[in-house]
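*Asks:* Sharing a structure, written as structure tokens. Questions coming.
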Amino acid sequence: MAIYCKKPAELAQIHASCQVVYQVQQALEAAITPGVTTLELDHLAEQIIRARGGRPAFKGYHGFPGSICASVNEEVVHGFPNQRPLQAGDLLTVDVGVELEGFYGDGAFTCGVGALSGPAQHLLDTTRACLEAGIDPARAGGRLSDISHAVQCRAEAAGTAVVRQYGGHGIGRALHEDPHVSNYGPPGRGPRLQPGLVLAIEPILSLGAHQVEVDEDGWTTRTRDGALAAHCEHTVAITEAGPWVLTLPGDGPR
């Protein structure tokens, strides 16, 4: 496994890509309302990305048709944007990838379309908390699986299941780089975290079991038992001063 730690100039480029991801996410979240379609959200995302000099990283990636992944309710990841109007109470996950001048940013958020049911809100709150739990140990000198273990512990303490078939990844000059970042496992294992390593940390949880299945389109993945799923993601740089969340505003570590 070849793990590449980025130089300061490269981190600045990745940060610029991630800031476009953040801007797109803010615009999309403001536009999500009952009656809007995920295809309309997809068009809005592409418009913003291109207006800022970027390229939708997902569009055409191994044949993926959209600029965003839009996964609703029991859909876990990789949902195709479509013309079905969103309904009040839906749980929507949007994943955004941007390539800007040869560097990539990646981020995902889950939100409610209007008010959510109690269980759906619990899943959403837990997924967000798991992302924070995973970011905290993303520190120089730690081990990769410290992130994994923190996510799993927070998820299972809340009675939710970690979807084990997917996880985070390195990112930089490519959308997906080594290492793979699992959302479960014991601590203290895997590569040592070094300054300049950039990771997409992305807990993916279910209210039911962790097993999933892929639709005939070869992409859209849903929980096998039909339970609700949620997914949140930040791109995070390891620095000497702590984790730097590149997909949020700010010019340095927390």
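Chain labels follow the order of the structure tokens: the first chain is A, the next B, and so on; residue numbering restarts at 1 in every chain, and ligands are counted from 1 in their shown order.
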Could you name the residues that touch region 25-33 of chain A at 7 Å or less, counting only C-alpha atoms, but leaving out those on the same chain fewer than 5 positions away, as number ranges by chain?
*Replies:* A: 41, 113-114
*Asks:* Pull C-alpha atoms from the residues just selected and write them as a tab-separated table (two decimals), in the first residue's frame.
*Replies:*
chain	number	residue	atom	x	y	z
A	41	LEU	CA	-30.23	19.30	-7.37
A	113	VAL	CA	-36.75	16.78	3.62
A	114	GLY	CA	-38.82	18.74	6.09
*Asks:* For the structure I just gave you, how does DSSP split region 58-221 of chain A - specifically, which residues are strand (DSSP E)? Reply as a ChimeraX atom specification.
*Replies:* /A:68-72,75-77,91-100,103-112,161-162,168-170,177-181,198-201,204-206,212-214,221
*Asks:* Could you write those residues out with N, CA and C atoms, as a short mmCIF file (atom, residue, chain, number, x, y, z; two decimals), in the first residue's frame?
*Replies:*
data_model
loop_
_atom_site.label_atom_id
_atom_site.label_comp_id
_atom_site.auth_asym_id
_atom_site.auth_seq_id
_atom_site.Cartn_x
_atom_site.Cartn_y
_atom_site.Cartn_z
N ILE A 68 -23.75 14.48 -8.78
CA ILE A 68 -23.82 14.13 -7.36
C ILE A 68 -24.37 12.71 -7.24
N CYS A 69 -24.13 12.09 -6.10
CA CYS A 69 -24.86 10.89 -5.71
C CYS A 69 -25.99 11.34 -4.81
N ALA A 70 -27.20 10.88 -5.09
CA ALA A 70 -28.38 11.28 -4.32
C ALA A 70 -29.11 10.02 -3.88
N SER A 71 -29.03 9.70 -2.59
CA SER A 71 -29.55 8.44 -2.06
C SER A 71 -30.66 8.75 -1.06
N VAL A 72 -31.82 8.14 -1.26
CA VAL A 72 -33.02 8.48 -0.49
C VAL A 72 -33.44 7.30 0.38
N GLU A 75 -31.75 3.83 0.47
CA GLU A 75 -30.58 3.86 -0.42
C GLU A 75 -29.37 4.31 0.39
N VAL A 76 -28.29 3.56 0.29
CA VAL A 76 -27.12 3.78 1.15
C VAL A 76 -26.14 4.75 0.49
N VAL A 77 -25.71 4.42 -0.71
CA VAL A 77 -24.76 5.23 -1.46
C VAL A 77 -25.03 5.09 -2.95
N LEU A 91 -35.39 10.99 3.95
CA LEU A 91 -34.02 11.17 4.43
C LEU A 91 -33.12 11.13 3.20
N LEU A 92 -32.46 12.23 2.89
CA LEU A 92 -31.69 12.35 1.66
C LEU A 92 -30.20 12.49 1.96
N THR A 93 -29.39 11.67 1.31
CA THR A 93 -27.94 11.80 1.37
C THR A 93 -27.43 12.31 0.02
N VAL A 94 -26.61 13.34 0.07
CA VAL A 94 -25.99 13.92 -1.13
C VAL A 94 -24.48 13.84 -0.99
N ASP A 95 -23.84 13.24 -1.96
CA ASP A 95 -22.38 13.12 -1.99
C ASP A 95 -21.88 13.98 -3.15
N VAL A 96 -20.88 14.82 -2.87
CA VAL A 96 -20.37 15.78 -3.86
C VAL A 96 -18.87 15.58 -4.02
N GLY A 97 -18.41 15.48 -5.24
CA GLY A 97 -16.99 15.43 -5.53
C GLY A 97 -16.62 16.50 -6.54
N VAL A 98 -15.47 17.14 -6.32
CA VAL A 98 -15.02 18.22 -7.20
C VAL A 98 -13.56 18.00 -7.56
N GLU A 99 -13.26 18.18 -8.85
CA GLU A 99 -11.87 18.24 -9.31
C GLU A 99 -11.59 19.66 -9.74
N LEU A 100 -10.55 20.26 -9.17
CA LEU A 100 -10.17 21.64 -9.47
C LEU A 100 -8.67 21.68 -9.70
N PHE A 103 -6.74 18.53 -8.57
CA PHE A 103 -6.86 18.06 -7.19
C PHE A 103 -8.33 17.88 -6.82
N TYR A 104 -8.58 16.94 -5.89
CA TYR A 104 -9.95 16.52 -5.61
C TYR A 104 -10.38 16.85 -4.19
N GLY A 105 -11.67 17.14 -4.07
CA GLY A 105 -12.33 17.27 -2.78
C GLY A 105 -13.58 16.42 -2.78
N ASP A 106 -13.98 15.94 -1.60
CA ASP A 106 -15.09 14.99 -1.51
C ASP A 106 -15.81 15.22 -0.18
N GLY A 107 -17.13 15.29 -0.22
CA GLY A 107 -17.88 15.45 1.01
C GLY A 107 -19.32 15.01 0.82
N ALA A 108 -19.94 14.53 1.89
CA ALA A 108 -21.33 14.08 1.83
C ALA A 108 -22.06 14.56 3.07
N PHE A 109 -23.37 14.79 2.90
CA PHE A 109 -24.21 15.13 4.04
C PHE A 109 -25.56 14.43 3.88
N THR A 110 -26.18 14.15 5.00
CA THR A 110 -27.54 13.62 5.02
C THR A 110 -28.41 14.65 5.72
N CYS A 111 -29.61 14.86 5.19
CA CYS A 111 -30.54 15.80 5.82
C CYS A 111 -31.97 15.32 5.62
N GLY A 112 -32.87 15.90 6.37
CA GLY A 112 -34.28 15.59 6.22
C GLY A 112 -34.93 16.50 5.20
N ALA A 161 -26.21 0.38 13.06
CA ALA A 161 -25.26 -0.56 12.45
C ALA A 161 -24.35 0.17 11.48
N VAL A 162 -23.08 -0.19 11.48
CA VAL A 162 -22.14 0.32 10.50
C VAL A 162 -22.25 -0.51 9.23
N GLY A 168 -14.17 5.09 3.95
CA GLY A 168 -13.47 6.25 3.44
C GLY A 168 -12.21 5.87 2.67
N HIS A 169 -11.40 6.88 2.35
CA HIS A 169 -10.27 6.64 1.44
C HIS A 169 -9.33 7.83 1.46
N GLY A 170 -8.12 7.60 0.99
CA GLY A 170 -7.23 8.71 0.72
C GLY A 170 -7.73 9.50 -0.48
N GLU A 177 -7.66 7.28 -3.33
CA GLU A 177 -6.28 6.86 -3.14
C GLU A 177 -6.21 5.94 -1.92
N ASP A 178 -5.09 5.26 -1.76
CA ASP A 178 -4.85 4.54 -0.51
C ASP A 178 -4.63 5.57 0.60
N PRO A 179 -5.02 5.20 1.83
CA PRO A 179 -5.52 3.89 2.27
C PRO A 179 -7.05 3.87 2.31
N HIS A 180 -7.62 2.67 2.34
CA HIS A 180 -9.05 2.51 2.64
C HIS A 180 -9.25 2.77 4.13
N VAL A 181 -10.32 3.50 4.46
CA VAL A 181 -10.60 3.85 5.85
C VAL A 181 -11.89 3.14 6.27
N VAL A 198 -4.05 12.94 3.58
CA VAL A 198 -5.40 13.48 3.44
C VAL A 198 -6.37 12.32 3.26
N LEU A 199 -7.41 12.32 4.10
CA LEU A 199 -8.37 11.22 4.13
C LEU A 199 -9.79 11.75 3.97
N ALA A 200 -10.60 11.01 3.24
CA ALA A 200 -12.04 11.21 3.26
C ALA A 200 -12.59 10.26 4.32
N ILE A 201 -13.10 10.83 5.40
CA ILE A 201 -13.67 10.05 6.50
C ILE A 201 -15.17 10.08 6.35
N ILE A 204 -21.03 5.48 7.42
CA ILE A 204 -22.24 5.09 6.70
C ILE A 204 -22.99 4.13 7.61
N LEU A 205 -24.18 4.52 8.05
CA LEU A 205 -24.91 3.78 9.07
C LEU A 205 -26.29 3.37 8.60
N SER A 206 -26.84 2.38 9.29
CA SER A 206 -28.20 1.89 9.03
C SER A 206 -28.93 1.74 10.36
N VAL A 212 -26.15 -4.98 2.57
CA VAL A 212 -26.69 -4.15 1.49
C VAL A 212 -26.77 -4.97 0.20
N GLU A 213 -27.47 -4.41 -0.77
CA GLU A 213 -27.54 -5.01 -2.11
C GLU A 213 -27.50 -3.90 -3.15
N VAL A 214 -27.00 -4.23 -4.33
CA VAL A 214 -26.84 -3.25 -5.40
C VAL A 214 -27.91 -3.48 -6.46
N THR A 221 -27.06 1.49 -4.19
CA THR A 221 -26.91 0.49 -3.14
C THR A 221 -27.91 0.79 -2.04
#
*Asks:* Where in region 132-252 of chain A does DSSP assign alpha helix (DSSP H), given as a VMD selection string?
*Replies:* chain A and resid 132 to 135 144 to 157
*Asks:* Work out how far apart CA of His176 (chain A) and CA of Ile238 (chain A) are and give it in Å to one decimal.
*Replies:*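 The value is 16.8 Å.
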*Asks:* Excluding Glu46 (chain A) and its own-chain neighbours fewer than 3 positions away, which residues fall within 9 Å of it when counting only C-alpha atoms? Please give them as an MDAnalysis selection string.
*Replies:* chainID A and resid 24 41:43 49:51 55:56 66:68
*Asks:* Ranking A:Pro249, A:Gly60, A:Gly159, A:Pro191 by minimum distance to Val21 (chain A) and counting only C-alpha atoms, which one comes first?
*Replies:*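 Using only C-alpha atoms, the shortest distance to Val21 (chain A) belongs to A:Pro249.
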*Asks:* Applying 10 Å and only C-alpha atoms, which residues near Gly252 (chain A) remain after dropping the ones on its own chain fewer than 2 positions away? List them as number ranges by chain.
*Replies:* A: 15, 237, 239, 241-246, 249-250, 254
*Asks:* Please save N, CA and C atoms of the selected residues as a JSON list (two decimals), in the first residue's frame.
*Replies:*
[["chain", "number", "residue", "atom", "x", "y", "z"],
["A", 15, "HIS", "N", -7.46, 21.86, -0.54],
["A", 15, "HIS", "CA", -8.35, 22.72, 0.23],
["A", 15, "HIS", "C", -9.24, 23.56, -0.68],
["A", 237, "ALA", "N", -7.25, 16.64, 6.52],
["A", 237, "ALA", "CA", -5.79, 16.56, 6.42],
["A", 237, "ALA", "C", -5.20, 16.33, 7.80],
["A", 239, "THR", "N", -2.32, 17.02, 10.29],
["A", 239, "THR", "CA", -1.28, 18.03, 10.46],
["A", 239, "THR", "C", -0.64, 17.85, 11.84],
["A", 241, "ALA", "N", -0.59, 19.97, 14.04],
["A", 241, "ALA", "CA", -1.42, 20.67, 15.02],
["A", 241, "ALA", "C", -2.78, 20.03, 15.22],
["A", 242, "GLY", "N", -3.06, 18.95, 14.50],
["A", 242, "GLY", "CA", -4.35, 18.29, 14.64],
["A", 242, "GLY", "C", -5.06, 18.16, 13.31],
["A", 243, "PRO", "N", -6.26, 17.59, 13.31],
["A", 243, "PRO", "CA", -7.00, 17.40, 12.06],
["A", 243, "PRO", "C", -7.50, 18.71, 11.48],
["A", 244, "TRP", "N", -7.32, 18.86, 10.18],
["A", 244, "TRP", "CA", -7.79, 20.05, 9.46],
["A", 244, "TRP", "C", -8.93, 19.59, 8.54],
["A", 245, "VAL", "N", -10.14, 20.02, 8.83],
["A", 245, "VAL", "CA", -11.31, 19.63, 8.03],
["A", 245, "VAL", "C", -11.36, 20.55, 6.82],
["A", 246, "LEU", "N", -10.97, 20.04, 5.68],
["A", 246, "LEU", "CA", -10.83, 20.86, 4.48],
["A", 246, "LEU", "C", -12.17, 21.22, 3.86],
["A", 249, "PRO", "N", -15.33, 25.76, 6.30],
["A", 249, "PRO", "CA", -14.60, 27.02, 6.27],
["A", 249, "PRO", "C", -13.47, 27.02, 7.29],
["A", 250, "GLY", "N", -12.42, 27.76, 6.99],
["A", 250, "GLY", "CA", -11.29, 27.84, 7.89],
["A", 250, "GLY", "C", -10.00, 27.45, 7.19],
["A", 254, "ARG", "N", -8.41, 22.56, 13.75],
["A", 254, "ARG", "CA", -9.31, 23.01, 14.80],
["A", 254, "ARG", "C", -8.51, 23.47, 16.03]]
*Asks:* Pick the closest to Glu240 (chain A) from A:Gln211, A:Thr220, A:Gln194, A:Thr37: which is it, counting only C-alpha atoms?
*Replies:*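 Among A:Gln211, A:Thr220, A:Gln194, A:Thr37, it is A:Gln194 that comes nearest to Glu240 (chain A).
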